[in-house]
Amino acid sequence: MENQANTLFTSFDADEVTFFADLILPIPVPKLFTYRIPRGMADLVKIGARVIVPFGKKNSRVLTAIVARLHNSPPANYQARYVTELLDEYPLVNSYQLELFRWMAEYYMCCVGEVMNVALPSGLKISSQSKVQFNPDFDYPELLTEHEEILLTELKKQPALTYDELSRLAGEGVNIAALIKSLVGKKAVIVFEEIREKYVPKMIRKIRLHPNYEEREQLLVLLQRLEKLPKQQEVVMRYLRHVPVQHNPALNQKGLDKTILNQDDELSQSSLQTLVKNAVFETFEVIQPRFADTSAPQGEIRLTEHQQRAAEQIMTRFDQQNIVLFHGITGSGKTEVYIHLIQQALAGGSQVLYLLPEIALTTQIVVRLQRVFGDKMGIYHSKFSDNERVEVWKGVVSGQYQFVVGVRSAVFLPFDNLGLVIVDEEHETSYKQHDPAPRYHARDVALMMAHWQQAKVLLGSATPSLETYYQAKQGRYGLVELHHRFGDATLPTILLIDTKQEKRQKTMKNEFSSALLDALEMNLERKEQSILFQNRRGYSPYMQCEDCDWTAECPNCAVSLTYHQRDAELRCHYCGHKEAVPRLCPTCGSTKVKTIGFGTEKLEDQLQVYFPSSRVLRMDLDTTRAKDAYGQIIREFESGSVDMLVGTQMITKGLDFDNVSLVGIFDADRLIHFPDFRATERSFQMLTQVSGRAGRRAGRQGTVLIQTANPHQSILQKIIQNDYKGLYEEEIQERQDFNYPPFSRLIKLTVRHPDKAISQQAAERLCAELTDALGSTRVLGPEQPLVERIRNQFLFDILIKIEREKVNIKAVKAYIQDRINDILTDKGLRQVSIVIDVDCL
């Protein structure tokens with residue numbers, strides 16, 4: 001498709017034909033925009049390349065766009081503007097990606113520009129920055145203020161200055177915007193937009209001998225000449241120790257990192273500068289990859305008998321089906337099987353994508369993968385800087401990285417020769433993007449991408465999603481199961497702690513049962529590590545007055561504010577609102593304002609009280625905001641210097657620690673009784689996964705203690721017995737009875753407006769129109785969600801269930817979109833927004 005379009009494009013006579021390009025712009029509009037290509041650019045523009053274009057009224061915005069189509073047909077309804085600049089000599093987006101963008105826009109009911117905006121790392125998108133320059137036609141007919149005189153004096157010395165630079169020159173307390181506006185009005189300055197590419201390669205400054213001294217004879221003459229200048233001679237000698245030019249003159253071309261000489265305290269830096277000035281040395285710059293080289297790969301890994309059998313079964317299934325589910329219990333060594341399959345795919349010349357659900361998980365697994373693949377492996381996730389992500393993107397295009405490991409955004413990388421895609425922990429909800437659009441599921445996108453490139457897909461999990469396991473049981477996916485832990489390690493013993501009984505006996509200490517405290521103490525005596533799981537961050541979920549029942553609530557959202565003790569503030573986890581902790585109740589003035597409930601921060605504090613000599617770390621969103629925070633916490637825990645790790649669901653996802661023998665789980669009942677049709681499945685997955693962190697070393701069985709107010713719940717018994725199949729049989733029957741996935745597709749529409757009555761009116765009208773066409777069994781709602789107001793927007797949800805068989809899903813989606821457009825074009829409802837979430841979780 002791409003080659004045909006480019007051939008057609010270049011076959012025109014440039015003297016007779018005007019060329020046009022249909023562009024994907026990173027904005028939420030349904031159609032592509034057509035721009036005119038300047039004649040001088042006509043032979044250079046290719047499909048998939050980035051261009052810069054003006055957009056908006058009076059060309060007020062500058063956008064980075066992707067060329068989607070080339071032709072010679074002008075737009076019918078508007079005058080095409082010119083492409084301003086071509087950014088790429090070769091396309092950075094390939095035809096597979098363009099097809100993926102189109103499919104995602106259609107499937108997830110969004111705009112292709114929204115897909116592009118999420119897919120491209122921001123470092124590949126041009127930004128514009130306002131700059132100010134002196135107007136050469138200005139002849140001072142106007143009176144200028146003192147501050148204006150200062151700015152004009154500086155602007156005469158510089159080609160242009162930014163607003164920030166001018167603000168610093170003007171000094172504190174000066175309204176720089178008003179000052180520049182005044183100068184523009186007096187026609188003393190010109191304001192313009194400077195376009196700059198965000199990606200900046202990392203450069204290192206190097207030094208080398210001038211080519212005149214590469215030959216041995218000239219080098220000896222130089223050293224003799226410097227005998228009277230011993231400091232300069234020592235600089236040359238030190239360089240020769242690092243770069244033995246006298247033995248191999250060609251080594252001089254690579255030079256030496258200048259910092260090596262700059263950091264040498266014994267060398268005279270002024271002598272070095274003199275040698276550069278006198279052309280003995282010359283300095284130059286080279287691009288330095290941001291990913292440091294790692295040690296040489298270790299090569300093949302050894303699989304156990306069970307792992308080898310599983311790997312062979314997977315390859316056999318791949319001969320028959322393109323998608324295989326690898327169902328291996330926690331600690332069975334799935335990663336080693338993945339590595340074996342990756343090596344085989346790379347040996348065959350194919351590209352490999354390895355998806356992980358969480359950055360915390362990449363931190364640990366990447367170390368294991370680097371031991372095998374070295375620096376041939378790329379890493380891609382949101383904690384990397386814009387420049388680092390661009391380098392991985394370009395590395396895939398150039399072939400530098402044939403293998404990439406990353407989180408959900410890695411599905412957008414420009415692969416064109418995929419042979420294998422691995423989706424580890426495929427059941428994880430982290431693969432689903434909730435905001436902004438497209439609200440995609442990375443597992444499902446990976447399946448489509450692999451389908452187009454005829455690649456194999458391996459879905460791995462100890463607790464597969466019911467939808468995936470159903471597909472495997474129906475024969476649509478291959479199924480391989482591994483029921484033995486690596487190294488003959490055994491599954492942990494799971495015990496239920498009745499918190500109601502402990503409270504009656506008054507043996508509970510705050511959030512800790514006596515059984516859990518005793519187990520933690522014994523673990524400390526054995527010098528073994530413990531993990532404690534509570535899926536709620538912060539210190540306490542809310543603060544309340546004991547006298548009048550006042551509760552601290554967010555002014556923007558219908559939720560209580562969470563108390564964070566370390567920062568001494570109340571915080572909303574939905575909109576980010578923060579406020580100080582009140583000393584007195586704002587309603588009645590009482591001093592009895594107490595924290596209610598507990599989160600990971602409170603557990604961390606209590607552990608320090610109960611076990612003052614132990615070291616406790618916490619892993620949650622609050623402690624992992626910094627780039628390397630995940631890695632630092634994991635490295636410290638792996639080293640054995642930490643006794644206990646408290647965390648949210650981050651610690652449930654495939655982390656592997658040899659010395660963990662105890663896992664404690666808090667507040668299990670809240671997970672189980674969450675009002676969602678997937679609550680039972682999710683509880684089983686999360687509790688089984690976190691339990692699997694214990695006893696992963698052979699010869700030592702781990703222990704898991706689950707605190708619950710109702711130990712007799714059926715789901716808890718299935719967790720104890722590791723009875724995934726029993727869970728599946730019960731849940732799949734219930735899903736079929738009530739027409740939930742995998743027997744239907746879910747589309748959730750969320751209507752939002754600052755006025756509750758308008759939001760409800762729009763939701764009821766939309767729901768009525770959809771019900772008339774689709775039927776009341778397919779359309780549920782409208783109803784307010786658990787959190788009915790977020791960021792001062794009142795929410796109403798409509799849930800649509802569409803059967804997977806014998807229904808034209810494209811036609812249904814088109815009808816839904818038409819009804820949404822009716823609402824959004826109604827004069828009284830134009831300020832309403834409607835969020836579409838296809839395959840909602």
# chains A, B, ... in the order shown; residues from 1 in each chain; ligands from 1

$ residues_around --residues "Gln707 (chain A)" --least-positions-apart "4" --cutoff "10 Å" --atoms "only C-alpha atoms" --output "list in words"
Leu495, Leu496, Ile497, Asp498, Thr499, Lys500, Glu511, Phe512, Ser513, Ala515, Leu516, Gly664, Ile665, Phe666, Asp667, Ala668, Asp669 and Pro711 of chain A

$ residues_around --residues "region 222-238 of chain A" --least-positions-apart "2" --cutoff "9 Å" --atoms "only C-alpha atoms" --output "PyMOL selection string"
chain A and resi 209+213+217-220+240-243+261+267-272+274-275+280-281

$ write_last_selection --atoms "N, CA, C and O atoms" --output "PDB file, in the first residue's frame"
ATOM      1  N   LEU A 209      44.370  13.638  18.921  1.00  0.00           N
ATOM      2  CA  LEU A 209      45.534  14.304  18.347  1.00  0.00           C
ATOM      3  C   LEU A 209      45.199  14.796  16.946  1.00  0.00           C
ATOM      4  O   LEU A 209      44.445  14.155  16.210  1.00  0.00           O
ATOM      5  N   TYR A 213      49.916  14.478  13.727  1.00  0.00           N
ATOM      6  CA  TYR A 213      50.776  13.782  14.694  1.00  0.00           C
ATOM      7  C   TYR A 213      50.438  12.294  14.821  1.00  0.00           C
ATOM      8  O   TYR A 213      50.881  11.632  15.762  1.00  0.00           O
ATOM      9  N   GLU A 217      56.814   9.304  13.442  1.00  0.00           N
ATOM     10  CA  GLU A 217      57.897  10.290  13.363  1.00  0.00           C
ATOM     11  C   GLU A 217      57.426  11.665  13.839  1.00  0.00           C
ATOM     12  O   GLU A 217      58.112  12.342  14.623  1.00  0.00           O
ATOM     13  N   GLN A 218      56.250  12.090  13.346  1.00  0.00           N
ATOM     14  CA  GLN A 218      55.746  13.405  13.745  1.00  0.00           C
ATOM     15  C   GLN A 218      55.434  13.436  15.241  1.00  0.00           C
ATOM     16  O   GLN A 218      55.609  14.470  15.907  1.00  0.00           O
ATOM     17  N   LEU A 219      54.966  12.280  15.782  1.00  0.00           N
ATOM     18  CA  LEU A 219      54.641  12.218  17.208  1.00  0.00           C
ATOM     19  C   LEU A 219      55.909  12.368  18.055  1.00  0.00           C
ATOM     20  O   LEU A 219      55.922  13.090  19.064  1.00  0.00           O
ATOM     21  N   LEU A 220      57.010  11.755  17.623  1.00  0.00           N
ATOM     22  CA  LEU A 220      58.270  11.892  18.361  1.00  0.00           C
ATOM     23  C   LEU A 220      58.771  13.330  18.321  1.00  0.00           C
ATOM     24  O   LEU A 220      59.289  13.855  19.318  1.00  0.00           O
ATOM     25  N   LEU A 240      48.201   9.292  25.262  1.00  0.00           N
ATOM     26  CA  LEU A 240      48.756   8.128  24.567  1.00  0.00           C
ATOM     27  C   LEU A 240      48.600   6.848  25.370  1.00  0.00           C
ATOM     28  O   LEU A 240      48.531   5.749  24.804  1.00  0.00           O
ATOM     29  N   ARG A 241      48.526   6.967  26.708  1.00  0.00           N
ATOM     30  CA  ARG A 241      48.296   5.763  27.517  1.00  0.00           C
ATOM     31  C   ARG A 241      46.887   5.218  27.295  1.00  0.00           C
ATOM     32  O   ARG A 241      46.672   4.014  27.300  1.00  0.00           O
ATOM     33  N   HIS A 242      45.936   6.130  27.095  1.00  0.00           N
ATOM     34  CA  HIS A 242      44.561   5.705  26.836  1.00  0.00           C
ATOM     35  C   HIS A 242      44.357   5.327  25.372  1.00  0.00           C
ATOM     36  O   HIS A 242      43.580   4.412  25.064  1.00  0.00           O
ATOM     37  N   VAL A 243      45.031   6.046  24.482  1.00  0.00           N
ATOM     38  CA  VAL A 243      44.870   5.814  23.037  1.00  0.00           C
ATOM     39  C   VAL A 243      46.265   5.604  22.440  1.00  0.00           C
ATOM     40  O   VAL A 243      46.943   6.570  22.072  1.00  0.00           O
ATOM     41  N   LEU A 261      40.257  13.282  30.780  1.00  0.00           N
ATOM     42  CA  LEU A 261      41.395  14.164  31.054  1.00  0.00           C
ATOM     43  C   LEU A 261      41.002  15.312  31.976  1.00  0.00           C
ATOM     44  O   LEU A 261      41.794  15.743  32.823  1.00  0.00           O
ATOM     45  N   LEU A 267      46.646  16.494  36.103  1.00  0.00           N
ATOM     46  CA  LEU A 267      46.916  17.160  34.829  1.00  0.00           C
ATOM     47  C   LEU A 267      46.567  18.641  34.907  1.00  0.00           C
ATOM     48  O   LEU A 267      45.622  19.037  35.596  1.00  0.00           O
ATOM     49  N   SER A 268      47.307  19.437  34.176  1.00  0.00           N
ATOM     50  CA  SER A 268      47.043  20.873  34.091  1.00  0.00           C
ATOM     51  C   SER A 268      45.975  21.121  33.027  1.00  0.00           C
ATOM     52  O   SER A 268      46.207  20.853  31.841  1.00  0.00           O
ATOM     53  N   GLN A 269      44.810  21.612  33.474  1.00  0.00           N
ATOM     54  CA  GLN A 269      43.734  21.866  32.520  1.00  0.00           C
ATOM     55  C   GLN A 269      44.077  23.026  31.596  1.00  0.00           C
ATOM     56  O   GLN A 269      43.680  23.040  30.427  1.00  0.00           O
ATOM     57  N   SER A 270      44.834  23.994  32.094  1.00  0.00           N
ATOM     58  CA  SER A 270      45.240  25.106  31.227  1.00  0.00           C
ATOM     59  C   SER A 270      46.187  24.619  30.133  1.00  0.00           C
ATOM     60  O   SER A 270      46.149  25.100  28.993  1.00  0.00           O
ATOM     61  N   SER A 271      47.015  23.635  30.458  1.00  0.00           N
ATOM     62  CA  SER A 271      47.921  23.066  29.440  1.00  0.00           C
ATOM     63  C   SER A 271      47.111  22.349  28.369  1.00  0.00           C
ATOM     64  O   SER A 271      47.437  22.417  27.174  1.00  0.00           O
ATOM     65  N   LEU A 272      46.060  21.653  28.788  1.00  0.00           N
ATOM     66  CA  LEU A 272      45.196  20.976  27.828  1.00  0.00           C
ATOM     67  C   LEU A 272      44.555  21.989  26.886  1.00  0.00           C
ATOM     68  O   LEU A 272      44.521  21.788  25.661  1.00  0.00           O
ATOM     69  N   THR A 274      45.678  24.904  26.103  1.00  0.00           N
ATOM     70  CA  THR A 274      46.728  25.461  25.238  1.00  0.00           C
ATOM     71  C   THR A 274      47.025  24.524  24.070  1.00  0.00           C
ATOM     72  O   THR A 274      47.194  24.961  22.923  1.00  0.00           O
ATOM     73  N   LEU A 275      47.064  23.231  24.358  1.00  0.00           N
ATOM     74  CA  LEU A 275      47.332  22.256  23.299  1.00  0.00           C
ATOM     75  C   LEU A 275      46.201  22.248  22.263  1.00  0.00           C
ATOM     76  O   LEU A 275      46.445  22.077  21.067  1.00  0.00           O
ATOM     77  N   VAL A 280      47.438  21.043  18.598  1.00  0.00           N
ATOM     78  CA  VAL A 280      48.028  19.732  18.887  1.00  0.00           C
ATOM     79  C   VAL A 280      46.901  18.719  19.069  1.00  0.00           C
ATOM     80  O   VAL A 280      46.967  17.597  18.578  1.00  0.00           O
ATOM     81  N   PHE A 281      45.880  19.152  19.792  1.00  0.00           N
ATOM     82  CA  PHE A 281      44.652  18.361  19.934  1.00  0.00           C
ATOM     83  C   PHE A 281      43.521  19.059  19.205  1.00  0.00           C
ATOM     84  O   PHE A 281      43.540  20.285  19.016  1.00  0.00           O
TER      85      PHE A 281
END

$ atom_distance --atom1 "CA of Arg36 (chain A)" --atom2 "CA of Ala80 (chain A)"
5.7 Å

$ closest_residue --among "A:Met41, A:Val276, A:Val421, A:Lys725" --to "His327 (chain A)" --atoms "only C-alpha atoms"
A:Lys725

$ atom_distance --atom1 "CA of Asn739 (chain A)" --atom2 "CA of Ile802 (chain A)"
8.6 Å

$ atom_distance --atom1 "CA of Tyr815 (chain A)" --atom2 "CA of Leu780 (chain A)"
16.6 Å

$ residues_around --residues "Gln364 (chain A)" --least-positions-apart "6" --cutoff "12 Å" --atoms "only C-alpha atoms" --output "ChimeraX atom specification"
/A:335,356,358,370-371,405,628,630-638,651,653-657

$ write_last_selection --atoms "C-alpha atoms" --output "tab-separated table (two decimals), in the first residue's frame"
chain	number	residue	atom	x	y	z
A	335	THR	CA	10.28	-16.20	32.37
A	356	LEU	CA	4.74	-6.41	30.95
A	358	GLU	CA	3.85	-2.70	35.36
A	370	GLN	CA	20.09	-8.16	30.04
A	371	ARG	CA	22.21	-11.01	31.37
A	405	VAL	CA	10.59	-5.19	26.53
A	628	ASP	CA	14.51	5.02	39.42
A	630	TYR	CA	11.06	1.20	41.56
A	631	GLY	CA	14.54	-0.10	40.89
A	632	GLN	CA	15.94	1.32	44.11
A	633	ILE	CA	13.24	-0.30	46.27
A	634	ILE	CA	13.59	-3.66	44.51
A	635	ARG	CA	17.39	-3.62	44.70
A	636	GLU	CA	17.32	-2.86	48.42
A	637	PHE	CA	14.79	-5.62	49.08
A	638	GLU	CA	16.71	-8.13	46.93
A	651	ILE	CA	3.88	-5.98	44.57
A	653	LYS	CA	2.81	-8.62	39.63
A	654	GLY	CA	5.44	-11.26	39.05
A	655	LEU	CA	8.18	-10.01	41.37
A	656	ASP	CA	10.63	-12.76	42.35
A	657	PHE	CA	12.40	-12.67	45.72

$ select_by_dssp --residues "region 164-387 of chain A" --states "strand (DSSP E)" --output "MDAnalysis selection string"
chainID A and resid 189:196 203:209 256:257 281:287 323:328 351:355 377:380

$ closest_residue --among "A:His753, A:Arg566, A:Lys432, A:Arg536" --to "Phe598 (chain A)" --atoms "only C-alpha atoms"
A:Arg536

$ residues_around --residues "region 381-391 of chain A" --least-positions-apart "4" --cutoff "6 Å" --atoms "only C-alpha atoms" --output "PDB file with C-alpha atoms, in the first residue's frame"
ATOM      1  CA  GLY A 123       9.947  13.707  21.847  1.00  0.00           C
ATOM      2  CA  TYR A 199      14.274  15.128  20.678  1.00  0.00           C
ATOM      3  CA  GLY A 395      16.506   1.992  17.281  1.00  0.00           C
ATOM      4  CA  GLY A 406       8.072  -2.613  27.707  1.00  0.00           C
ATOM      5  CA  VAL A 407       4.711  -1.726  29.173  1.00  0.00           C
ATOM      6  CA  LYS A 627      12.412   7.683  37.641  1.00  0.00           C
TER       7      LYS A 627
END

$ closest_residue --among "A:Arg819, A:His434, A:Thr708, A:Val480" --to "Leu841 (chain A)" --atoms "only C-alpha atoms"
A:His434
